[in-house]
Amino acid sequence: HVLFMAVLSATVVTTIVTATPAVAVPSVPGIDVSKYQGRIDWRAVGSTSVRFVIVRATLGNRYRDGRFAMNVAGARRNGLAVGAYHFAKPGRAPWDPRAEADHFLDVVQVRAGDVVPVLDIEETGGLSPLQLRSWAGAWLDRVEARTGVRAMIYSGNHFWHGFMRNTRWFAQRGHPLWVAHWYVGAPDVPAGRWGGRGFTVWQWSSTGRVAGIKGPVDLDRM
């Protein structure tokens with residue numbers, strides 16, 4: 001599986017001027033947003049170097065981000081590649097990860113050309129590391145069974161080391177990593193540099209400024 005379900009052209013990748021942070025390979029700048037960014041002027045965003053956006057879609061097994069549909073439509077109209085993420089609220093019920101995955105997919109409607117779906121896992125729900133790994137695996141398996149797409153995982157070193165016991169299992173199964181590590185020249189990558197594969201997306205700032213968005217926004221590089 002590739003990160004996009006349709007490939008960004010080489011021209012797009014190589015003509016973007018790379019700003020801070022420094023990276024060793026060509027990369028594509030992007031952002032991630034939720035309702036907390038308020039009303040976004042996507043035409044203005046599309047005029048910047050930003051080329052992709054990952055939008056919060058759902059949280060838990062019922063909540064839907066109130067600005068998801070507007071953000072996706074606006075980003076697509078203005079030439080941006082779009083992806084969606086699910087903020088996990090792990091629970092002990094055996095059906096819970098499947099319910100959360102189904103809720104996410106019912107809202108998102110994954111399309112060719114999108115960034116692959118993302119599981120944002122930052123809370124344990126009181127589960128042990130073994131239970132949490134099993135929960136995440138069940139969510140990811142459900143998404144793949146319904147879409148044929150191997151989803152990406154969003155995490156940072158602190159959570160992955162402390163609550164997932166730095167497992168490499170997800171990396172070995174081919175799930176890409178979106179790593180959160182802010183204000184550094186290069187990110188620390190958990191799970192033995194994600195099983196030697198490294199990160200795919202790097203969230204390198206939580207206080208970025210982008211035309212068309214009032215206030216701070218997360219900045220990413222793919």
# chains A, B, ... in the order shown; residues from 1 in each chain; ligands from 1

$ select_by_dssp --residues "stretch 52-110 of chain A" --states "helix (DSSP H, G or I)" --output "ChimeraX atom specification"
/A:68-77,96-108

$ write_last_selection --atoms "N, CA, C and O atoms" --output "tab-separated table (two decimals), in the first residue's frame"
chain	number	residue	atom	x	y	z
A	68	PHE	N	-16.00	18.84	9.78
A	68	PHE	CA	-15.30	17.89	8.90
A	68	PHE	C	-15.71	18.04	7.45
A	68	PHE	O	-14.88	18.21	6.56
A	69	ALA	N	-16.99	17.95	7.17
A	69	ALA	CA	-17.46	17.98	5.78
A	69	ALA	C	-17.09	19.29	5.10
A	69	ALA	O	-16.65	19.29	3.94
A	70	MET	N	-17.24	20.41	5.81
A	70	MET	CA	-16.89	21.71	5.22
A	70	MET	C	-15.40	21.81	4.95
A	70	MET	O	-14.98	22.33	3.90
A	71	ASN	N	-14.60	21.31	5.88
A	71	ASN	CA	-13.14	21.37	5.69
A	71	ASN	C	-12.70	20.52	4.50
A	71	ASN	O	-11.88	20.94	3.68
A	72	VAL	N	-13.24	19.32	4.40
A	72	VAL	CA	-12.87	18.43	3.30
A	72	VAL	C	-13.28	19.03	1.96
A	72	VAL	O	-12.50	19.08	1.00
A	73	ALA	N	-14.51	19.51	1.88
A	73	ALA	CA	-15.00	20.08	0.62
A	73	ALA	C	-14.17	21.30	0.22
A	73	ALA	O	-13.79	21.46	-0.95
A	74	GLY	N	-13.89	22.17	1.18
A	74	GLY	CA	-13.12	23.37	0.88
A	74	GLY	C	-11.70	23.06	0.44
A	74	GLY	O	-11.18	23.67	-0.50
A	75	ALA	N	-11.07	22.10	1.11
A	75	ALA	CA	-9.70	21.73	0.75
A	75	ALA	C	-9.66	21.12	-0.64
A	75	ALA	O	-8.79	21.46	-1.45
A	76	ARG	N	-10.61	20.23	-0.94
A	76	ARG	CA	-10.62	19.59	-2.26
A	76	ARG	C	-10.86	20.62	-3.37
A	76	ARG	O	-10.23	20.56	-4.44
A	77	ARG	N	-11.77	21.56	-3.14
A	77	ARG	CA	-12.06	22.57	-4.16
A	77	ARG	C	-10.84	23.41	-4.50
A	77	ARG	O	-10.75	23.96	-5.60
A	96	ASP	N	-15.80	-2.64	20.78
A	96	ASP	CA	-15.55	-1.20	20.72
A	96	ASP	C	-14.65	-0.75	19.57
A	96	ASP	O	-14.99	0.20	18.85
A	97	PRO	N	-13.49	-1.40	19.32
A	97	PRO	CA	-12.66	-0.91	18.20
A	97	PRO	C	-13.34	-1.03	16.86
A	97	PRO	O	-13.16	-0.17	15.98
A	98	ARG	N	-14.12	-2.09	16.67
A	98	ARG	CA	-14.84	-2.24	15.40
A	98	ARG	C	-15.92	-1.17	15.27
A	98	ARG	O	-16.13	-0.63	14.18
A	99	ALA	N	-16.59	-0.85	16.38
A	99	ALA	CA	-17.62	0.19	16.35
A	99	ALA	C	-17.00	1.55	16.00
A	99	ALA	O	-17.56	2.33	15.22
A	100	GLU	N	-15.84	1.83	16.58
A	100	GLU	CA	-15.18	3.10	16.29
A	100	GLU	C	-14.71	3.15	14.83
A	100	GLU	O	-14.82	4.19	14.17
A	101	ALA	N	-14.20	2.05	14.33
A	101	ALA	CA	-13.76	2.00	12.93
A	101	ALA	C	-14.95	2.18	11.99
A	101	ALA	O	-14.87	2.91	11.00
A	102	ASP	N	-16.06	1.52	12.29
A	102	ASP	CA	-17.24	1.64	11.44
A	102	ASP	C	-17.78	3.07	11.45
A	102	ASP	O	-18.17	3.61	10.41
A	103	HIS	N	-17.80	3.67	12.63
A	103	HIS	CA	-18.26	5.06	12.74
A	103	HIS	C	-17.39	5.98	11.89
A	103	HIS	O	-17.89	6.81	11.12
A	104	PHE	N	-16.08	5.82	11.99
A	104	PHE	CA	-15.14	6.62	11.21
A	104	PHE	C	-15.39	6.45	9.71
A	104	PHE	O	-15.52	7.42	8.97
A	105	LEU	N	-15.49	5.21	9.25
A	105	LEU	CA	-15.64	4.96	7.82
A	105	LEU	C	-17.00	5.40	7.30
A	105	LEU	O	-17.12	5.83	6.14
A	106	ASP	N	-18.02	5.35	8.13
A	106	ASP	CA	-19.33	5.82	7.70
A	106	ASP	C	-19.32	7.33	7.49
A	106	ASP	O	-20.06	7.85	6.64
A	107	VAL	N	-18.50	8.04	8.23
A	107	VAL	CA	-18.40	9.49	8.10
A	107	VAL	C	-17.48	9.89	6.96
A	107	VAL	O	-17.76	10.81	6.20
A	108	VAL	N	-16.37	9.17	6.80
A	108	VAL	CA	-15.29	9.64	5.93
A	108	VAL	C	-15.53	9.36	4.46
A	108	VAL	O	-15.25	10.21	3.61

$ closest_atom_pairs --of "stretch 149-206 of chain A" --to "stretch 30-50 of chain A" --cutoff "12 Å" --atoms "only C-alpha atoms" --output "CSV"
residue,atom,partner,partner_atom,distance
A:Tyr154,CA,A:Asp32,CA,11.6
A:Trp178,CA,A:Asp32,CA,11.3
A:Ala180,CA,A:Asp32,CA,11.7
A:Val201,CA,A:Gly30,CA,9.3
A:Trp202,CA,A:Gly30,CA,9.6
A:Gln203,CA,A:Ile31,CA,8.2
A:Trp204,CA,A:Ile31,CA,10.0
A:Ser205,CA,A:Ile31,CA,9.6
A:Ser206,CA,A:Asp32,CA,9.6

$ atom_distance --atom1 "atom CA of A:Val118" --atom2 "atom CA of A:Gln131"
19.7 Å

$ select_by_dssp --residues "stretch 37-211 of chain A" --states "strand (DSSP E or B)" --output "mmCIF file with N, CA and C atoms, in the first residue's frame"
data_model
loop_
_atom_site.group_PDB
_atom_site.id
_atom_site.type_symbol
_atom_site.label_atom_id
_atom_site.label_comp_id
_atom_site.auth_asym_id
_atom_site.auth_seq_id
_atom_site.Cartn_x
_atom_site.Cartn_y
_atom_site.Cartn_z
ATOM 1 N N PHE A 52 -1.255 19.333 1.308
ATOM 2 C CA PHE A 52 -2.176 18.323 1.820
ATOM 3 C C PHE A 52 -2.684 18.746 3.190
ATOM 4 N N VAL A 53 -3.853 18.215 3.532
ATOM 5 C CA VAL A 53 -4.436 18.470 4.847
ATOM 6 C C VAL A 53 -5.058 17.181 5.357
ATOM 7 N N ILE A 54 -4.838 16.892 6.637
ATOM 8 C CA ILE A 54 -5.466 15.747 7.288
ATOM 9 C C ILE A 54 -6.451 16.314 8.303
ATOM 10 N N VAL A 55 -7.717 15.933 8.164
ATOM 11 C CA VAL A 55 -8.821 16.561 8.873
ATOM 12 C C VAL A 55 -9.390 15.595 9.909
ATOM 13 N N ARG A 56 -9.633 16.107 11.113
ATOM 14 C CA ARG A 56 -10.287 15.237 12.098
ATOM 15 C C ARG A 56 -11.709 14.959 11.651
ATOM 16 N N ALA A 57 -12.063 13.681 11.657
ATOM 17 C CA ALA A 57 -13.406 13.268 11.253
ATOM 18 C C ALA A 57 -14.258 12.881 12.453
ATOM 19 N N THR A 58 -13.707 12.022 13.310
ATOM 20 C CA THR A 58 -14.512 11.412 14.366
ATOM 21 C C THR A 58 -13.692 11.250 15.630
ATOM 22 N N LEU A 59 -14.423 11.006 16.714
ATOM 23 C CA LEU A 59 -13.837 10.735 18.026
ATOM 24 C C LEU A 59 -14.739 9.702 18.686
ATOM 25 N N TYR A 63 -19.086 10.544 18.157
ATOM 26 C CA TYR A 63 -18.854 11.965 17.873
ATOM 27 C C TYR A 63 -18.301 12.178 16.461
ATOM 28 N N ARG A 64 -18.850 13.204 15.798
ATOM 29 C CA ARG A 64 -18.383 13.623 14.480
ATOM 30 C C ARG A 64 -17.960 15.077 14.566
ATOM 31 N N ALA A 81 -4.635 17.729 -1.478
ATOM 32 C CA ALA A 81 -4.881 16.325 -1.148
ATOM 33 C C ALA A 81 -5.431 16.270 0.273
ATOM 34 N N VAL A 82 -6.398 15.386 0.499
ATOM 35 C CA VAL A 82 -7.127 15.360 1.759
ATOM 36 C C VAL A 82 -7.039 13.978 2.396
ATOM 37 N N GLY A 83 -6.895 13.965 3.694
ATOM 38 C CA GLY A 83 -6.988 12.735 4.464
ATOM 39 C C GLY A 83 -7.844 12.981 5.693
ATOM 40 N N ALA A 84 -8.150 11.926 6.434
ATOM 41 C CA ALA A 84 -8.987 12.050 7.628
ATOM 42 C C ALA A 84 -8.398 11.216 8.748
ATOM 43 N N TYR A 85 -8.590 11.722 9.984
ATOM 44 C CA TYR A 85 -8.114 10.943 11.128
ATOM 45 C C TYR A 85 -9.231 10.745 12.147
ATOM 46 N N HIS A 86 -9.067 9.657 12.884
ATOM 47 C CA HIS A 86 -9.999 9.283 13.942
ATOM 48 C C HIS A 86 -9.276 9.373 15.270
ATOM 49 N N PHE A 87 -9.828 10.152 16.215
ATOM 50 C CA PHE A 87 -9.243 10.226 17.552
ATOM 51 C C PHE A 87 -9.821 9.089 18.386
ATOM 52 N N VAL A 115 -5.155 10.937 1.134
ATOM 53 C CA VAL A 115 -4.176 10.374 2.064
ATOM 54 C C VAL A 115 -4.852 9.215 2.790
ATOM 55 N N VAL A 118 -6.200 7.582 9.081
ATOM 56 C CA VAL A 118 -5.273 7.670 10.210
ATOM 57 C C VAL A 118 -5.979 7.312 11.511
ATOM 58 N N LEU A 119 -5.313 6.484 12.319
ATOM 59 C CA LEU A 119 -5.715 6.235 13.698
ATOM 60 C C LEU A 119 -4.841 7.086 14.601
ATOM 61 N N ASP A 120 -5.452 8.068 15.272
ATOM 62 C CA ASP A 120 -4.764 8.935 16.224
ATOM 63 C C ASP A 120 -4.992 8.345 17.607
ATOM 64 N N MET A 152 -2.691 4.536 8.538
ATOM 65 C CA MET A 152 -1.517 5.110 9.185
ATOM 66 C C MET A 152 -1.808 5.300 10.674
ATOM 67 N N ILE A 153 -0.763 5.344 11.482
ATOM 68 C CA ILE A 153 -0.876 5.556 12.924
ATOM 69 C C ILE A 153 -0.216 6.878 13.278
ATOM 70 N N TYR A 154 -0.932 7.698 14.073
ATOM 71 C CA TYR A 154 -0.369 8.933 14.613
ATOM 72 C C TYR A 154 0.017 8.694 16.060
ATOM 73 N N SER A 155 1.269 9.018 16.399
ATOM 74 C CA SER A 155 1.714 8.885 17.783
ATOM 75 C C SER A 155 3.014 9.647 17.972
ATOM 76 N N LEU A 177 3.797 5.519 9.733
ATOM 77 C CA LEU A 177 3.805 6.293 10.972
ATOM 78 C C LEU A 177 3.734 7.788 10.677
ATOM 79 N N TRP A 178 2.818 8.454 11.368
ATOM 80 C CA TRP A 178 2.769 9.912 11.427
ATOM 81 C C TRP A 178 3.268 10.267 12.823
ATOM 82 N N VAL A 179 4.478 10.755 12.930
ATOM 83 C CA VAL A 179 5.105 10.982 14.221
ATOM 84 C C VAL A 179 4.953 12.438 14.637
ATOM 85 N N ALA A 180 4.645 12.649 15.907
ATOM 86 C CA ALA A 180 4.554 13.990 16.478
ATOM 87 C C ALA A 180 5.809 14.268 17.284
ATOM 88 N N VAL A 201 4.925 10.719 7.798
ATOM 89 C CA VAL A 201 4.534 12.113 8.005
ATOM 90 C C VAL A 201 5.092 12.555 9.351
ATOM 91 N N TRP A 202 5.546 13.797 9.410
ATOM 92 C CA TRP A 202 6.108 14.364 10.628
ATOM 93 C C TRP A 202 5.326 15.625 10.986
ATOM 94 N N GLN A 203 4.675 15.602 12.142
ATOM 95 C CA GLN A 203 4.043 16.809 12.678
ATOM 96 C C GLN A 203 5.109 17.539 13.475
ATOM 97 N N TRP A 204 5.619 18.627 12.915
ATOM 98 C CA TRP A 204 6.806 19.247 13.497
ATOM 99 C C TRP A 204 6.523 20.530 14.263
ATOM 100 N N SER A 205 5.282 21.022 14.218
ATOM 101 C CA SER A 205 4.921 22.213 14.987
ATOM 102 C C SER A 205 3.448 22.181 15.305
ATOM 103 N N SER A 206 3.092 22.712 16.474
ATOM 104 C CA SER A 206 1.677 22.871 16.837
ATOM 105 C C SER A 206 1.266 24.339 16.835
ATOM 106 N N THR A 207 2.168 25.223 16.448
ATOM 107 C CA THR A 207 1.899 26.662 16.537
ATOM 108 C C THR A 207 2.181 27.361 15.212
ATOM 109 N N GLY A 208 1.958 26.653 14.107
ATOM 110 C CA GLY A 208 2.211 27.241 12.802
ATOM 111 C C GLY A 208 1.199 28.323 12.445
#

$ closest_residue --among "A:Gly66, A:Gly212, A:Pro117, A:Pro187" --to "A:Arg150" --atoms "only C-alpha atoms"
A:Pro117

$ closest_residue --among "A:Ala93, A:Met164, A:Ala145, A:Ala151" --to "A:Ser128" --atoms "only C-alpha atoms"
A:Met164

$ closest_residue --among "A:Arg67, A:Arg133, A:Arg51, A:Arg92" --to "A:Leu80" --atoms "only C-alpha atoms"
A:Arg51

$ residues_around --residues "A:Phe159" --least-positions-apart "4" --cutoff "9 Å" --atoms "only C-alpha atoms" --output "number ranges by chain"
A: 121-123, 155, 163-166

$ write_last_selection --atoms "N, CA and C atoms" --output "PDB file, in the first residue's frame"
ATOM      1  N   ILE A 121      -3.937   7.751  18.167  1.00  0.00           N
ATOM      2  CA  ILE A 121      -4.100   7.076  19.456  1.00  0.00           C
ATOM      3  C   ILE A 121      -3.231   7.775  20.494  1.00  0.00           C
ATOM      4  N   GLU A 122      -3.907   8.456  21.428  1.00  0.00           N
ATOM      5  CA  GLU A 122      -3.227   9.250  22.451  1.00  0.00           C
ATOM      6  C   GLU A 122      -3.737   8.956  23.849  1.00  0.00           C
ATOM      7  N   GLU A 123      -4.769   8.122  23.975  1.00  0.00           N
ATOM      8  CA  GLU A 123      -5.349   7.787  25.270  1.00  0.00           C
ATOM      9  C   GLU A 123      -5.418   6.269  25.419  1.00  0.00           C
ATOM     10  N   SER A 155       1.269   9.018  16.399  1.00  0.00           N
ATOM     11  CA  SER A 155       1.714   8.885  17.783  1.00  0.00           C
ATOM     12  C   SER A 155       3.014   9.647  17.972  1.00  0.00           C
ATOM     13  N   PHE A 163       3.049   3.538  26.685  1.00  0.00           N
ATOM     14  CA  PHE A 163       1.748   2.874  26.727  1.00  0.00           C
ATOM     15  C   PHE A 163       1.579   1.786  25.674  1.00  0.00           C
ATOM     16  N   MET A 164       2.467   1.773  24.676  1.00  0.00           N
ATOM     17  CA  MET A 164       2.444   0.701  23.673  1.00  0.00           C
ATOM     18  C   MET A 164       3.692  -0.179  23.792  1.00  0.00           C
ATOM     19  N   ARG A 165       4.503   0.095  24.793  1.00  0.00           N
ATOM     20  CA  ARG A 165       5.730  -0.655  25.069  1.00  0.00           C
ATOM     21  C   ARG A 165       6.661  -0.704  23.851  1.00  0.00           C
ATOM     22  N   ASN A 166       6.615   0.363  23.086  1.00  0.00           N
ATOM     23  CA  ASN A 166       7.522   0.544  21.948  1.00  0.00           C
ATOM     24  C   ASN A 166       7.462  -0.612  20.949  1.00  0.00           C
TER      25      ASN A 166
END

$ residues_around --residues "A:Val189" --least-positions-apart "5" --cutoff "7 Å" --atoms "only C-alpha atoms" --output "PyMOL selection string"
chain A and resi 157+179+194+198-199

$ atom_distance --atom1 "atom CA of A:Asp218" --atom2 "atom CA of A:Asp65"
16.8 Å
